[in-house]
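Quick look at run-v9.cif (mmCIF, C-alpha atoms; chains and numbers go by the auth columns):
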data_my_file
loop_
_atom_site.group_PDB
_atom_site.id
_atom_site.type_symbol
_atom_site.label_atom_id
_atom_site.label_comp_id
_atom_site.label_asym_id
_atom_site.label_seq_id
_atom_site.Cartn_x
_atom_site.Cartn_y
_atom_site.Cartn_z
_atom_site.B_iso_or_equiv
_atom_site.auth_seq_id
_atom_site.auth_asym_id
ATOM 1 C CA MET A 1 0.000 0.000 0.000 0.00 1 A
ATOM 2 C CA ASP A 2 1.246 3.458 -0.838 0.00 2 A
ATOM 3 C CA PRO A 3 -0.270 5.868 1.706 0.00 3 A
ATOM 4 C CA ASN A 4 0.872 8.881 -0.318 0.00 4 A
ATOM 5 C CA ALA A 5 -0.962 7.719 -3.436 0.00 5 A
ATOM 6 C CA CYS A 6 -3.974 6.797 -1.311 0.00 6 A
ATOM 7 C CA LEU A 7 -4.173 10.252 0.267 0.00 7 A
ATOM 8 C CA LYS A 8 -3.728 11.884 -3.144 0.00 8 A
ATOM 9 C CA GLU A 9 -6.682 9.916 -4.524 0.00 9 A
ATOM 10 C CA ILE A 10 -8.778 10.615 -1.401 0.00 10 A
ATOM 11 C CA ARG A 11 -8.200 14.337 -1.880 0.00 11 A
ATOM 12 C CA GLU A 12 -8.971 14.203 -5.613 0.00 12 A
ATOM 13 C CA ILE A 13 -12.218 12.321 -5.058 0.00 13 A
ATOM 14 C CA GLY A 14 -13.172 14.645 -2.221 0.00 14 A
ATOM 15 C CA GLU A 15 -12.726 17.688 -4.444 0.00 15 A
ATOM 16 C CA ARG A 16 -14.650 16.060 -7.280 0.00 16 A
ATOM 17 C CA MET A 17 -17.513 15.082 -4.972 0.00 17 A
ATOM 18 C CA TYR A 18 -17.630 18.525 -3.427 0.00 18 A
ATOM 19 C CA ASP A 19 -17.904 20.079 -6.870 0.00 19 A
ATOM 20 C CA SER A 20 -20.279 17.490 -8.358 0.00 20 A
ATOM 21 C CA VAL A 21 -23.758 18.294 -9.564 0.00 21 A
ATOM 22 C CA TRP A 22 -26.774 16.324 -8.376 0.00 22 A
ATOM 23 C CA ILE A 23 -29.308 15.523 -11.048 0.00 23 A
ATOM 24 C CA ASP A 24 -32.446 16.713 -9.258 0.00 24 A
ATOM 25 C CA HIS A 25 -30.982 17.895 -5.948 0.00 25 A
ATOM 26 C CA ARG A 26 -32.026 14.628 -4.304 0.00 26 A
ATOM 27 C CA THR A 27 -30.608 11.814 -6.395 0.00 27 A
ATOM 28 C CA PRO A 28 -26.839 11.582 -6.760 0.00 28 A
ATOM 29 C CA THR A 29 -25.315 10.794 -10.145 0.00 29 A
ATOM 30 C CA GLN A 30 -23.811 7.356 -10.779 0.00 30 A
ATOM 31 C CA SER A 31 -20.336 8.861 -10.809 0.00 31 A
ATOM 32 C CA TYR A 32 -21.013 10.397 -7.387 0.00 32 A
ATOM 33 C CA LEU A 33 -22.056 6.977 -6.094 0.00 33 A
ATOM 34 C CA ASP A 34 -18.961 5.382 -7.636 0.00 34 A
ATOM 35 C CA ASP A 35 -16.754 8.034 -6.036 0.00 35 A
ATOM 36 C CA SER A 36 -18.461 7.472 -2.690 0.00 36 A
ATOM 37 C CA ARG A 37 -17.760 3.760 -2.863 0.00 37 A
ATOM 38 C CA ARG A 38 -14.129 4.278 -3.875 0.00 38 A
ATOM 39 C CA LEU A 39 -13.628 6.901 -1.171 0.00 39 A
ATOM 40 C CA ALA A 40 -14.891 4.462 1.465 0.00 40 A
ATOM 41 C CA GLU A 41 -12.462 1.806 0.185 0.00 41 A
ATOM 42 C CA LEU A 42 -9.526 4.222 0.289 0.00 42 A
ATOM 43 C CA ILE A 43 -10.331 5.476 3.781 0.00 43 A
ATOM 44 C CA ASP A 44 -10.637 1.911 5.054 0.00 44 A
ATOM 45 C CA SER A 45 -7.334 0.916 3.432 0.00 45 A
ATOM 46 C CA LEU A 46 -5.490 3.912 4.836 0.00 46 A
ATOM 47 C CA ASP A 47 -6.968 3.309 8.288 0.00 47 A
ATOM 48 C CA GLN A 48 -5.875 -0.347 8.231 0.00 48 A
ATOM 49 C CA TRP A 49 -2.409 0.705 7.062 0.00 49 A
ATOM 50 C CA ILE A 50 -1.913 3.252 9.841 0.00 50 A
ATOM 51 C CA VAL A 51 -3.470 1.119 12.605 0.00 51 A
ATOM 52 C CA GLY A 52 -1.263 -1.763 11.465 0.00 52 A
ATOM 53 C CA GLY A 53 1.865 0.294 12.111 0.00 53 A
ATOM 54 C CA GLY A 54 2.334 1.832 8.682 0.00 54 A
ATOM 55 C CA PHE A 55 3.735 5.325 8.287 0.00 55 A
ATOM 56 C CA LEU A 56 1.589 8.391 7.690 0.00 56 A
ATOM 57 C CA PRO A 57 1.325 9.875 4.223 0.00 57 A
ATOM 58 C CA ALA A 58 4.130 12.415 3.809 0.00 58 A
ATOM 59 C CA ALA A 59 1.707 15.355 3.598 0.00 59 A
ATOM 60 C CA TRP A 60 0.196 14.443 6.970 0.00 60 A
ATOM 61 C CA ALA A 61 3.578 13.814 8.570 0.00 61 A
ATOM 62 C CA LYS A 62 4.733 17.256 7.407 0.00 62 A
ATOM 63 C CA GLY A 63 1.412 19.008 8.046 0.00 63 A
ATOM 64 C CA VAL A 64 1.008 19.952 4.375 0.00 64 A
ATOM 65 C CA ARG A 65 -2.314 20.276 2.609 0.00 65 A
#

Go through the file and emit its structure as structure tokens.
Amino acid sequence: MDPNACLKEIREIGERMYDSVWIDHRTPTQSYLDDSRRLAELIDSLDQWIVGGGFLPAAWAKGVR
């Protein structure tokens, strides 16, 4: 697992989801749902990595956004 690549993808998906457009303001688009699923997978993977003794992503270790 590469925590740096994981964090990069988490941030990219987060930005995309934040900026996404909902079809009728109630129903999310399929791409929003896909991003949600992928985001959950990435967060779980990063959590398992860190809890298992893995190092923090470099940006977090340095306090960089």

inquiry  = What's around Leu33 of chain A at 12 Å? Count all atoms listed in the file, leave out sequence neighbours fewer than 5 positions away in its own chain, and write the answer as JSON, numbers by chain.
reply    = {"A": [13, 16, 17, 20, 21, 22, 27, 28, 38, 39, 40]}

How would you write, as a PDB file with C-alpha atoms, in the coordinates of the input, the residues chosen by the PyMOL selection byres ((chain A and resi 6) around 9) on this structure?
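Dumped everything to part.pdb:
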ATOM      1  CA  MET A   1       0.000   0.000   0.000  1.00  0.00           C
ATOM      2  CA  ASP A   2       1.246   3.458  -0.838  1.00  0.00           C
ATOM      3  CA  PRO A   3      -0.270   5.868   1.706  1.00  0.00           C
ATOM      4  CA  ASN A   4       0.872   8.881  -0.318  1.00  0.00           C
ATOM      5  CA  ALA A   5      -0.962   7.719  -3.436  1.00  0.00           C
ATOM      6  CA  LEU A   7      -4.173  10.252   0.267  1.00  0.00           C
ATOM      7  CA  LYS A   8      -3.728  11.884  -3.144  1.00  0.00           C
ATOM      8  CA  GLU A   9      -6.682   9.916  -4.524  1.00  0.00           C
ATOM      9  CA  ILE A  10      -8.778  10.615  -1.401  1.00  0.00           C
ATOM     10  CA  ARG A  11      -8.200  14.337  -1.880  1.00  0.00           C
ATOM     11  CA  LEU A  42      -9.526   4.222   0.289  1.00  0.00           C
ATOM     12  CA  ILE A  43     -10.331   5.476   3.781  1.00  0.00           C
ATOM     13  CA  SER A  45      -7.334   0.916   3.432  1.00  0.00           C
ATOM     14  CA  LEU A  46      -5.490   3.912   4.836  1.00  0.00           C
ATOM     15  CA  PRO A  57       1.325   9.875   4.223  1.00  0.00           C
TER      16      PRO A  57
END

inquiry  = I need the residue nearest Asp35 of chain A from this list: A:Leu56, A:Val51, A:Glu12, A:Lys62. Use all atoms listed in the file for the distance.
reply    =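 Selected residue with least distance to Asp35 of chain A: A:Glu12.
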
Atom-to-atom span, atom CA of Asp19 of chain A and atom CA of Tyr32 of chain A, Å = 10.2 Å

request  = To one decimal in Å, tell me the separation between atom CA of Tyr18 of chain A and atom CA of Ala58 of chain A.
outcome  =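 Straight-line distance from atom CA of Tyr18 of chain A to atom CA of Ala58 of chain A works out to 23.7 Å.
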
ask   = How far is it from atom CA of Ala59 of chain A to atom CA of Gly14 of chain A, in Å with one decimal?
value = 16.0 Å
